[in-house]
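Chemist: My file is target-v1.cif. It has mmCIF, C-alpha atoms:
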```cif
data_target
loop_
_atom_site.label_atom_id
_atom_site.label_comp_id
_atom_site.auth_asym_id
_atom_site.auth_seq_id
_atom_site.Cartn_x
_atom_site.Cartn_y
_atom_site.Cartn_z
CA MET H 1 -10.62 91.11 -4.84
CA TYR H 2 -13.72 91.70 -6.96
CA ASP H 3 -13.88 94.32 -9.70
CA GLU H 4 -16.71 96.83 -9.71
CA SER H 5 -19.02 94.90 -12.05
CA THR H 6 -18.61 91.67 -10.09
CA SER H 7 -19.14 93.53 -6.84
CA SER H 8 -22.33 95.06 -8.12
CA LEU H 9 -23.50 91.64 -9.32
CA ILE H 10 -22.94 90.26 -5.81
CA ARG H 11 -24.80 93.21 -4.28
CA SER H 12 -27.84 92.46 -6.42
CA ALA H 13 -28.24 88.93 -4.96
CA PRO H 14 -31.54 88.13 -3.20
CA GLU H 15 -32.02 89.88 0.14
CA LEU H 16 -31.93 87.74 3.25
CA PRO H 17 -32.65 88.64 6.87
CA GLY H 18 -29.52 90.03 8.54
CA LEU H 19 -27.39 89.82 5.40
CA ASP H 20 -25.61 93.06 4.49
CA LEU H 21 -25.61 92.90 0.68
CA ASP H 22 -23.59 96.13 0.34
CA ASN H 23 -20.85 94.54 2.35
CA LEU H 24 -21.14 91.04 0.84
CA PRO H 25 -18.35 91.42 -1.79
CA ASP H 26 -15.90 92.39 0.98
CA GLN H 27 -17.19 89.66 3.24
CA LEU H 28 -16.58 87.01 0.56
CA SER H 29 -13.11 88.38 -0.25
CA ASN H 30 -12.22 88.31 3.43
CA ALA H 31 -13.47 84.76 3.74
CA PHE H 32 -11.18 83.59 0.92
CA ALA H 33 -8.30 85.47 2.57
CA GLU H 34 -9.13 83.80 5.85
CA ILE H 35 -8.80 80.37 4.25
CA VAL H 36 -5.45 81.27 2.75
CA SER H 37 -4.15 82.46 6.11
CA ALA H 38 -5.56 79.35 7.76
CA ARG H 39 -3.57 77.30 5.27
CA ILE H 40 -0.43 79.14 6.31
CA ALA H 41 -1.31 78.70 9.97
CA LEU H 42 -1.74 74.98 9.34
CA ARG H 43 1.76 74.83 7.94
CA ASP H 44 2.94 76.33 11.22
CA ALA H 45 1.17 73.52 13.06
CA ALA H 46 -1.49 75.82 14.48
CA THR H 47 -5.06 74.59 14.36
CA PRO H 48 -7.24 76.67 12.08
CA ALA H 49 -10.44 74.65 12.53
CA GLU H 50 -12.14 76.88 15.06
CA GLU H 51 -11.24 80.14 13.41
CA ILE H 52 -12.76 79.26 10.10
CA SER H 53 -15.67 77.09 11.24
CA GLU H 54 -17.90 80.17 11.50
CA THR H 55 -16.91 81.19 7.99
CA ILE H 56 -17.73 77.70 6.70
CA ALA H 57 -21.13 77.75 8.40
CA PHE H 58 -21.92 81.16 6.88
CA ALA H 59 -20.77 80.07 3.41
CA ARG H 60 -22.81 76.87 3.61
CA ARG H 61 -25.98 78.77 4.46
CA LEU H 62 -25.34 81.35 1.77
CA ALA H 63 -24.67 78.68 -0.87
CA ALA H 64 -27.66 76.53 0.08
CA THR H 65 -30.10 79.42 0.23
CA ASN H 66 -29.09 81.01 -3.07
CA GLU H 67 -28.99 77.67 -4.86
CA ALA H 68 -32.49 76.79 -3.65
CA LEU H 69 -33.81 80.25 -4.55
CA VAL H 70 -32.71 79.69 -8.17
CA ALA H 71 -33.96 76.09 -8.16
CA THR H 72 -37.44 77.03 -6.91
CA SER H 73 -37.81 80.15 -9.10
CA PRO H 74 -35.54 79.67 -12.14
CA GLU H 75 -37.03 82.69 -13.90
CA ARG H 76 -36.21 85.12 -11.13
CA GLU H 77 -34.68 88.45 -12.19
CA ASN H 78 -31.65 88.17 -9.96
CA ARG H 79 -30.80 84.58 -10.90
CA ARG H 80 -27.35 85.56 -12.25
CA ALA H 81 -26.49 87.21 -8.96
CA ALA H 82 -27.95 84.35 -6.89
CA GLY H 83 -26.10 81.80 -9.04
CA PHE H 84 -22.82 83.67 -8.71
CA VAL H 85 -23.12 84.05 -4.94
CA ALA H 86 -24.10 80.37 -4.59
CA ALA H 87 -21.15 79.28 -6.74
CA THR H 88 -18.71 81.49 -4.85
CA ALA H 89 -19.97 80.27 -1.50
CA HIS H 90 -19.83 76.62 -2.63
CA ARG H 91 -16.22 77.17 -3.70
CA LEU H 92 -15.45 78.64 -0.28
CA VAL H 93 -16.94 75.60 1.44
CA HIS H 94 -15.04 73.26 -0.84
CA GLN H 95 -11.70 74.98 -0.26
CA ALA H 96 -12.24 75.14 3.48
CA GLU H 97 -13.22 71.48 3.64
CA ALA H 98 -10.23 70.48 1.55
CA LEU H 99 -8.05 72.41 3.96
CA LEU H 100 -9.52 70.68 6.99
CA GLY H 101 -9.45 67.30 5.31
CA ASP H 102 -13.24 66.92 5.79
CA SER H 103 -14.28 66.49 2.22
CA PRO H 104 -13.94 63.68 -0.27
CA THR H 105 -10.93 64.49 -2.45
CA THR H 106 -12.86 63.48 -5.54
CA ALA H 107 -16.07 64.98 -6.84
CA ALA H 108 -19.06 62.97 -5.69
CA VAL H 109 -22.46 62.35 -7.27
CA THR H 110 -24.99 60.23 -5.38
CA THR H 111 -28.69 59.68 -5.93
CA ASP H 112 -29.49 62.44 -3.46
CA ALA H 113 -26.68 64.95 -3.57
CA ILE H 114 -23.60 66.27 -5.31
CA SER H 115 -20.40 67.54 -3.71
CA SER H 116 -19.72 71.25 -3.25
CA ASP H 117 -17.15 71.44 -6.07
CA ILE H 118 -19.74 70.24 -8.61
CA SER H 119 -22.35 72.57 -7.12
CA ALA H 120 -19.91 75.43 -7.59
CA CYS H 121 -19.70 74.67 -11.34
CA LEU H 122 -23.41 74.08 -11.85
CA THR H 123 -24.60 77.14 -9.98
CA SER H 124 -22.36 79.20 -12.26
CA ALA H 125 -24.50 78.10 -15.21
CA PRO H 126 -27.30 80.66 -14.77
CA MET H 127 -24.68 83.39 -15.15
CA GLY H 128 -24.02 82.29 -18.70
CA GLN H 129 -20.41 81.49 -17.94
CA PHE H 130 -20.51 78.26 -19.88
CA ARG H 131 -21.70 79.85 -23.07
CA ALA H 132 -18.19 80.69 -24.22
CA ILE H 133 -16.92 77.14 -23.69
CA MET W 1 -59.54 55.38 10.11
CA ALA W 2 -56.41 53.58 9.02
CA ILE W 3 -54.12 54.94 11.75
CA ALA W 4 -54.88 56.73 15.02
CA LEU W 5 -52.36 58.95 16.79
CA THR W 6 -52.02 59.31 20.56
CA PRO W 7 -49.87 62.25 21.71
CA VAL W 8 -46.93 61.48 24.01
CA ARG W 9 -44.38 63.80 25.54
CA GLU W 10 -41.36 63.32 27.77
CA GLY W 11 -40.95 66.69 29.53
CA GLU W 12 -38.60 68.93 27.59
CA LEU W 13 -36.77 65.98 26.03
CA TRP W 14 -39.04 65.15 23.07
CA ALA W 15 -42.67 65.06 21.97
CA GLY W 16 -44.62 63.10 19.42
CA SER W 17 -47.16 60.34 19.23
CA THR W 18 -47.72 56.62 19.24
CA TRP W 19 -49.55 55.19 16.24
CA THR W 20 -52.19 52.51 16.33
CA VAL W 21 -53.39 50.73 13.24
CA GLU W 22 -57.18 50.77 13.53
CA ASN W 23 -58.11 49.33 10.18
CA GLU W 24 -55.59 47.08 8.44
CA GLN W 25 -57.67 46.79 5.28
CA LEU W 26 -57.93 50.55 4.86
CA LEU W 27 -54.21 50.88 5.55
CA ALA W 28 -53.46 48.26 2.88
CA GLU W 29 -55.65 50.17 0.41
CA LEU W 30 -53.78 53.42 1.05
CA ILE W 31 -50.43 51.66 0.62
CA ALA W 32 -51.71 50.11 -2.62
CA ARG W 33 -52.74 53.56 -3.93
CA VAL W 34 -49.28 54.94 -3.18
CA ALA W 35 -47.67 51.92 -4.86
CA ILE W 36 -49.75 52.47 -8.00
CA GLY W 37 -48.40 56.02 -7.99
CA GLN W 38 -51.51 57.68 -6.70
CA ALA W 39 -50.20 59.43 -3.63
CA ARG W 40 -52.55 62.32 -4.43
CA VAL W 41 -55.50 59.99 -4.51
CA ALA W 42 -54.42 58.51 -1.18
CA GLU W 43 -54.18 62.05 0.19
CA ARG W 44 -57.74 62.72 -0.86
CA ILE W 45 -58.90 59.56 0.83
CA LEU W 46 -57.09 60.62 3.98
CA PHE W 47 -58.64 64.05 3.99
CA GLU W 48 -62.15 62.85 3.36
CA ASP W 49 -61.64 60.07 5.83
CA ASP W 50 -63.47 57.64 3.61
CA LEU W 51 -63.03 55.81 0.35
CA VAL W 52 -64.39 57.82 -2.52
CA PRO W 53 -64.71 56.62 -6.11
CA ILE W 54 -62.41 58.71 -8.27
CA LEU W 55 -61.42 58.28 -11.90
CA TYR W 56 -57.94 56.94 -11.28
CA PRO W 57 -55.18 57.22 -13.81
CA THR W 58 -54.45 53.66 -14.80
CA GLY W 59 -51.33 51.61 -15.27
CA GLY W 60 -48.21 50.86 -13.32
CA TYR W 61 -49.73 47.77 -11.72
CA GLU W 62 -46.69 45.57 -12.22
CA ALA W 63 -44.35 48.18 -10.75
CA ALA W 64 -46.78 48.61 -7.87
CA ARG W 65 -46.75 44.86 -7.13
CA ASN W 66 -42.95 44.86 -7.24
CA LEU W 67 -42.81 47.51 -4.53
CA LEU W 68 -44.69 45.08 -2.31
CA LYS W 69 -42.43 42.12 -3.11
CA LEU W 70 -39.11 41.25 -1.59
CA GLY W 71 -36.03 42.28 -3.52
CA PRO W 72 -33.77 39.76 -5.31
CA SER W 73 -31.86 39.00 -2.10
CA GLY W 74 -35.05 37.87 -0.36
CA ASP W 75 -34.29 40.24 2.52
CA PRO W 76 -37.57 41.84 3.61
CA ALA W 77 -35.87 44.89 5.17
CA HIS W 78 -36.12 47.15 2.11
CA ARG W 79 -39.73 46.24 1.28
CA ASP W 80 -40.82 46.68 4.90
CA GLY W 81 -38.82 49.90 5.12
CA TRP W 82 -40.66 51.27 2.12
CA MET W 83 -44.05 50.30 3.55
CA PHE W 84 -43.18 51.89 6.86
CA GLN W 85 -42.29 55.12 5.09
CA VAL W 86 -45.74 55.12 3.54
CA ILE W 87 -47.30 54.49 6.96
CA SER W 88 -45.25 57.36 8.34
CA TRP W 89 -46.46 59.59 5.52
CA ILE W 90 -50.06 58.68 6.41
CA ALA W 91 -49.35 59.47 10.07
CA ALA W 92 -47.86 62.84 9.10
CA HIS W 93 -51.09 63.68 7.28
CA ARG W 94 -53.06 62.45 10.28
CA ALA W 95 -51.13 64.85 12.54
CA GLY W 96 -52.97 67.51 10.56
CA LYS W 97 -50.48 70.38 10.80
CA PRO W 98 -50.66 72.96 8.01
CA GLY W 99 -47.90 72.36 5.51
CA VAL W 100 -46.57 70.29 2.66
CA ILE W 101 -45.52 66.64 2.97
CA ARG W 102 -43.28 64.98 0.42
CA SER W 103 -44.89 61.98 -1.22
CA PRO W 104 -43.19 58.67 -0.45
CA HIS W 105 -40.31 57.45 -2.61
CA MET W 106 -41.34 55.09 -5.41
CA ARG W 107 -38.44 52.72 -4.93
CA HIS W 108 -36.98 50.54 -2.20
CA ALA W 109 -34.09 52.53 -0.84
CA ASP W 110 -31.99 52.57 2.24
CA LYS W 111 -30.06 55.76 1.62
CA GLY W 112 -30.96 59.41 1.76
CA LEU W 113 -33.66 61.30 3.50
CA ASP W 114 -36.68 59.16 4.43
CA GLY W 115 -39.29 61.86 4.82
CA LEU W 116 -39.53 65.62 4.44
CA LEU W 117 -42.21 68.02 5.63
CA VAL W 118 -42.54 71.77 5.52
CA GLU W 119 -44.83 73.14 8.21
CA PHE W 120 -46.16 76.63 8.86
CA ASP W 121 -46.83 78.12 12.27
CA ASP W 122 -49.74 80.48 12.96
CA ARG W 123 -47.67 83.42 11.70
CA GLU W 124 -47.07 81.50 8.44
CA VAL W 125 -43.37 81.09 9.16
CA ALA W 126 -42.02 77.90 7.65
CA ARG W 127 -39.87 75.23 9.18
CA VAL W 128 -38.65 71.99 7.67
CA ILE W 129 -39.04 68.65 9.42
CA ILE W 130 -36.36 66.09 8.60
CA SER W 131 -37.82 62.66 9.16
CA GLU W 132 -36.08 59.32 9.60
CA GLU W 133 -38.40 56.33 9.40
CA LYS W 134 -37.19 52.85 10.20
CA ALA W 135 -38.91 49.47 10.37
CA THR W 136 -36.59 47.56 12.65
CA LYS W 137 -36.42 44.70 15.07
CA ASN W 138 -33.88 46.53 17.19
CA ALA W 139 -35.28 50.01 17.67
CA ARG W 140 -32.80 51.35 20.21
CA LYS W 141 -29.76 50.31 18.21
CA MET W 142 -31.26 51.81 15.06
CA VAL W 143 -32.05 55.11 16.80
CA ARG W 144 -28.66 55.40 18.48
CA ASP W 145 -26.41 54.16 15.68
CA LYS W 146 -28.21 55.26 12.53
CA VAL W 147 -30.74 58.00 13.25
CA TRP W 148 -28.76 60.21 15.66
CA PRO W 149 -25.70 60.44 13.37
CA GLU W 150 -27.97 61.37 10.44
CA PHE W 151 -29.61 64.16 12.45
CA VAL W 152 -26.19 65.45 13.49
CA ASP W 153 -25.15 65.55 9.82
CA PHE W 154 -28.16 67.74 9.01
CA GLU W 155 -27.57 69.92 12.08
CA THR W 156 -24.00 70.66 11.03
CA GLY W 157 -24.98 71.37 7.42
CA ARG W 158 -23.06 68.41 6.00
CA ARG W 159 -26.18 67.23 4.19
CA ASP W 160 -27.45 70.61 3.02
CA ALA W 161 -27.19 69.44 -0.61
CA GLU W 162 -29.89 66.82 0.03
CA LEU W 163 -32.00 69.37 1.84
CA ILE W 164 -31.73 71.86 -1.04
CA ASP W 165 -32.85 69.16 -3.46
CA GLY W 166 -35.71 67.98 -1.23
CA VAL W 167 -37.02 71.42 -0.34
CA SER W 168 -36.75 72.76 -3.92
CA THR W 169 -38.66 69.78 -5.34
CA LEU W 170 -41.29 69.96 -2.62
CA LEU W 171 -41.84 73.69 -3.12
CA ALA W 172 -41.89 73.48 -6.91
CA GLY W 173 -44.83 71.07 -6.72
CA SER W 174 -46.70 72.81 -3.91
CA GLY W 175 -47.68 76.08 -5.58
CA HIS W 176 -46.77 77.99 -2.42
CA PRO W 177 -47.37 81.75 -2.95
CA ASN W 178 -44.05 82.83 -1.43
CA PRO W 179 -41.39 80.14 -1.96
CA ASP W 180 -38.57 82.66 -1.31
CA ALA W 181 -39.73 83.16 2.28
CA VAL W 182 -39.86 79.39 2.81
CA VAL W 183 -36.35 78.88 1.38
CA ALA W 184 -34.99 81.73 3.53
CA ALA W 185 -36.57 80.30 6.68
CA ILE W 186 -35.34 76.77 6.09
CA LEU W 187 -31.88 77.25 4.60
CA TRP W 188 -30.86 80.73 5.78
CA THR W 189 -32.44 81.02 9.22
CA GLU W 190 -32.18 77.22 9.57
CA LYS W 191 -35.61 76.63 11.01
CA ARG W 192 -35.31 72.87 11.24
CA ALA W 193 -36.87 70.20 13.34
CA TYR W 194 -36.40 66.44 13.40
CA ARG W 195 -38.78 63.51 13.50
CA VAL W 196 -37.80 59.96 14.23
CA ALA W 197 -40.32 57.18 13.62
CA VAL W 198 -39.56 53.54 14.45
CA THR W 199 -41.33 50.26 14.91
CA ILE W 200 -41.09 48.98 18.46
CA ASP W 201 -41.69 45.65 20.19
CA ASP W 202 -43.04 45.06 23.71
CA LYS W 203 -39.83 46.34 25.28
CA HIS W 204 -40.49 49.98 24.38
CA THR W 205 -44.26 50.34 24.74
CA SER W 206 -44.20 51.75 28.28
CA ARG W 207 -43.25 55.31 29.18
CA LYS W 208 -40.00 53.99 30.64
CA GLY W 209 -39.38 52.01 27.47
CA ARG W 210 -39.88 55.01 25.21
CA LYS W 211 -37.65 57.13 27.42
CA ALA W 212 -34.88 54.55 27.04
CA LEU W 213 -35.52 54.32 23.29
CA TYR W 214 -35.03 58.05 22.70
CA LYS W 215 -32.32 58.56 25.31
CA GLY W 216 -29.84 61.24 24.27
CA TYR W 217 -32.08 62.92 21.66
CA GLU W 218 -31.68 66.32 23.39
CA LYS W 219 -27.91 66.02 23.18
CA GLN W 220 -27.94 65.37 19.42
CA VAL W 221 -30.52 68.00 18.53
CA LEU W 222 -30.24 71.00 20.83
CA GLY W 223 -32.92 73.61 21.51
CA LYS W 224 -36.60 73.54 22.36
CA VAL W 225 -38.63 70.34 22.66
CA GLY W 226 -40.53 71.19 19.43
CA ARG W 227 -37.34 70.44 17.47
CA ARG W 228 -37.42 66.80 18.63
CA ARG W 229 -40.38 64.76 17.38
CA ALA W 230 -40.62 61.11 18.27
CA GLU W 231 -43.07 58.60 16.82
CA THR W 232 -43.54 54.89 17.44
CA LEU W 233 -45.59 52.07 15.97
CA HIS W 234 -45.90 48.95 18.09
CA VAL W 235 -45.67 45.78 15.99
CA LYS W 236 -45.43 42.43 17.74
CA HIS W 237 -44.20 40.22 14.90
CA LEU W 238 -42.54 42.68 12.58
CA ARG W 239 -41.81 40.70 9.41
CA GLU W 240 -45.04 38.67 9.55
CA TRP W 241 -47.15 41.78 10.04
CA PHE W 242 -45.59 43.66 7.12
CA ASN W 243 -45.93 40.59 4.95
CA CYS W 244 -49.63 40.35 5.79
CA ILE W 245 -50.24 44.03 4.92
CA ALA W 246 -48.22 43.58 1.69
CA LEU W 247 -50.45 40.65 0.66
CA LYS W 248 -53.59 42.69 1.35
CA ALA W 249 -52.23 45.66 -0.61
CA THR W 250 -51.28 43.38 -3.51
CA ALA W 251 -54.83 42.02 -3.55
CA VAL W 252 -56.11 45.60 -3.83
CA ILE W 253 -53.80 46.21 -6.79
CA ASP W 254 -54.94 42.97 -8.48
CA ALA W 255 -58.60 43.92 -8.01
CA GLU W 256 -57.94 47.39 -9.35
CA GLU W 257 -56.24 45.96 -12.42
CA SER W 258 -59.04 43.53 -13.23
CA ALA W 259 -61.63 46.28 -12.80
CA ASP W 260 -59.58 48.36 -15.20
CA ASP W 261 -59.57 45.54 -17.81
CA VAL W 262 -63.35 45.39 -18.00
#
```
Would you write out, as structure tokens, the structure that this file holds?
Modeler:
Amino acid sequence: MYDESTSSLIRSAPELPGLDLDNLPDQLSNAFAEIVSARIALRDAATPAEEISETIAFARRLAATNEALVATSPERENRRAAGFVAATAHRLVHQAEALLGDSPTTAAVTTDAISSDISACLTSAPMGQFRAI
Amino acid sequence: MAIALTPVREGELWAGSTWTVENEQLLAELIARVAIGQARVAERILFEDDLVPILYPTGGYEAARNLLKLGPSGDPAHRDGWMFQVISWIAAHRAGKPGVIRSPHMRHADKGLDGLLVEFDDREVARVIISEEKATKNARKMVRDKVWPEFVDFETGRRDAELIDGVSTLLAGSGHPNPDAVVAAILWTEKRAYRVAVTIDDKHTSRKGRKALYKGYEKQVLGKVGRRRAETLHVKHLREWFNCIALKATAVIDAEESADDV
């Protein structure tokens, strides 16, 4: 799913215990594919919740960790990679939650937190994606 | 000493302490310092275990007094809740574990995370402590209906966004030499523990009472006993007691302001 430059960006994200960075681009692609197939399974009245709950948990941890790494050290060298991985993982969580009907359908901003769809946009910012807009 | 802690433990179910207010005047002074926006000064007082004259930054007296007043509705719950969070912050310092403790909120609030601590074990590995602190007349109902569901939300990752915000802010201000390792431990490896602190009346002061109060904790937060902290403060007449401490703290603020005017 990812081209070579995006894949190499993902591979340069911060190292974490037990995380295979070389394999991370494939892992993320597979996770998106899993959600698509879960959506199809849902149409066939099968229950996808259990199958993708592990994927959601992984994506949540990946998003949270990378977002906090950028927030605590905004000048870090790999902030583009961390921001991209955080944004991608937030998008995964958002899509999965939308599929399961767990998430608010509208974007939410409270005094303490923002919803995963907004996080996905904001964590893209360190990558310079908004510059062209 | 403003507050003394006595350790309590219920087998493998939970562990924590009961708090006793030893010196109401000193407690009121610490609350007043926090209200003026001098949490760091209050920390210093706590560490040195005595009042020390320091050149305080001035100002904010009116806002400080407002924190100790009832809100427009006249309902004391938010004011007392805020004061209890300060007391809980003092108790967390008293527990004396190496780590970083988030300073109390500077507003009356009933939403969001009450308290947040990052602790380090003897191998310097970090864990985060998510703390819910409630001044209530009905402790069991509060624990069962409000605190447990909040802990479950953090356990399942539904409130990670709040945790990211809290941990990032706490680390940014702490000057920790290796914030990456702390973030990885807390958000990636999910080293998390929980701490519930509530006011109790006579019903829950015995061992049996506390056991009933925290019934079901181990089913909401799984794992070792160290993940389940439980704190209590016995207050006989809840609203009257908080009001009395608020008046004492306000008097400290007034005295501070007039000394500042000289």
Chemist: Work out how far apart CA of Glu155 in chain W and CA of Ala31 in chain H are and give it in Å to one decimal.
Modeler: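 Here the two named atoms are 22.1 Å from each other.
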Chemist: Find, counting all atoms listed in the file, the residue in H:Ala86, H:Met1, H:Ile35, H:Ile10 that gets nearest to chain W.
Modeler: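 Selected residue with least distance to chain W: H:Ala86.
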Chemist: Quick one: residues within 8 Å of Leu26 in chain W, all atoms listed in the file, excluding same-chain residues fewer than 4 positions away - as a PyMOL selection string?
Modeler: chain W and resi 1-2+30
Chemist: Compare W:Pro149, W:Gly166, W:Pro72, W:Gly96 by their minimum atom-to-atom distance to Ala68 in chain H, counting only C-alpha atoms, and give me the closest one.
Modeler: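 Among W:Pro149, W:Gly166, W:Pro72, W:Gly96, it is W:Gly166 that comes nearest to Ala68 in chain H.
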Chemist: With distances taken over only C-alpha atoms, which residue among H:Arg39, H:Arg11, H:Arg60, H:Arg80 lies nearest chain W?
Modeler: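 Of the candidates, the smallest distance to chain W is held by H:Arg60.
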Chemist: So that I can see what lies close to Ala33 in chain H, please list as a short mmCIF file (atom, residue, chain, number, x, y, z; two decimals) with C-alpha atoms, in the coordinates of the input the residues with an atom at most 12 Å from it, counting all atoms listed in the file and leaving out residues fewer than 3 positions away in the same chain.
Modeler:
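Result file is out35.cif:
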```cif
data_model
loop_
_atom_site.label_atom_id
_atom_site.label_comp_id
_atom_site.auth_asym_id
_atom_site.auth_seq_id
_atom_site.Cartn_x
_atom_site.Cartn_y
_atom_site.Cartn_z
CA MET H 1 -10.62 91.11 -4.84
CA ASP H 26 -15.90 92.39 0.98
CA GLN H 27 -17.19 89.66 3.24
CA LEU H 28 -16.58 87.01 0.56
CA SER H 29 -13.11 88.38 -0.25
CA ASN H 30 -12.22 88.31 3.43
CA VAL H 36 -5.45 81.27 2.75
CA SER H 37 -4.15 82.46 6.11
CA ALA H 38 -5.56 79.35 7.76
CA ARG H 39 -3.57 77.30 5.27
CA ILE H 40 -0.43 79.14 6.31
CA ILE H 52 -12.76 79.26 10.10
CA THR H 55 -16.91 81.19 7.99
CA LEU H 92 -15.45 78.64 -0.28
CA GLN H 95 -11.70 74.98 -0.26
CA ALA H 96 -12.24 75.14 3.48
#
```
Chemist: Just checking: using all atoms listed in the file, which residue out of H:Thr88, H:Ile118, H:Ile56, H:Ala71 ends up closest to chain W?
Modeler: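 Counting all atoms listed in the file, the residue closest to chain W is H:Ala71.
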Chemist: For the structure shown, which residues end up in the PyMOL selection byres ((chain W and resi 197) around 8)? Put them as a list in words, please?
Modeler: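 Taken on the displayed file, the PyMOL selection byres ((chain W and resi 197) around 8) yields the residues Ser88, Ser131, Glu132, Glu133, Lys134, Arg195, Val196, Val198, Thr199, Ala230, Glu231, Thr232 and Leu233 of chain W.
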Chemist: Evaluating the PyMOL selection byres ((chain W) within 9 of (chain H)) on the displayed file yields which residues, as a ChimeraX atom specification?
Modeler: /W:111-113,156-169,171-172,179-180,183-184,186-190
Chemist: For CA of His234 in chain W and CA of Arg44 in chain W, determine how far apart the two atoms are, in Å to one decimal place.
Modeler: 26.2 Å
Chemist: Do you have the CA of His90 in chain H-CA of Asp22 in chain H distance handy?
Modeler: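 We find that CA of His90 in chain H and CA of Asp22 in chain H lie 20.1 Å from each other.
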Chemist: Find the residues near Leu67 in chain W: any atom within 9 Å, counting only C-alpha atoms, skip ones fewer than 3 places away on the same chain, and give them as a list in words.
Modeler: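 Counting only the stated atoms, we get Ala35, Glu62, Ala63, Ala64, Leu70, Gly71, Arg79, Trp82, Met83, Met106, Arg107 and His108 of chain W.
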Chemist: Find the residues around Thr136 in chain W up to 8 Å (only C-alpha atoms counted), leave out those fewer than 3 positions away in its own chain, and share them as an NGL selection string.
Modeler: :W and (77 or 139 or 142 or 198-200 or 238)
Chemist: Which residues, named as in the file, does the PyMOL selection byres ((chain H and resi 81) around 10) pick out? Answer as a ChimeraX atom specification.
Modeler: /H:6-14,66,70,77-80,82-87,124,126-127
Chemist: Using only C-alpha atoms, which of the listed residues (W:Lys191, W:Lys69, W:Arg40, W:His204) sits closest to Ala249 in chain W?
Modeler: W:Lys69
Chemist: Counting all atoms listed in the file, which residue out of W:Phe84, W:Trp14, W:Phe154, W:Phe47 sits closest to Arg239 in chain W?
Modeler: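 Using all atoms listed in the file, the shortest distance to Arg239 in chain W belongs to W:Phe84.
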Chemist: Around range 24-43 of chain H, with edges along x, y and z and 5 Å added on all six sides, what centre and edge lengths do you get, in Å to one decimal, as AutoDock Vina command-line options?
Modeler:
```
--center_x -9.7 --center_y 83.6 --center_z 4.1 --size_x 32.9 --size_y 27.6 --size_z 21.8
```
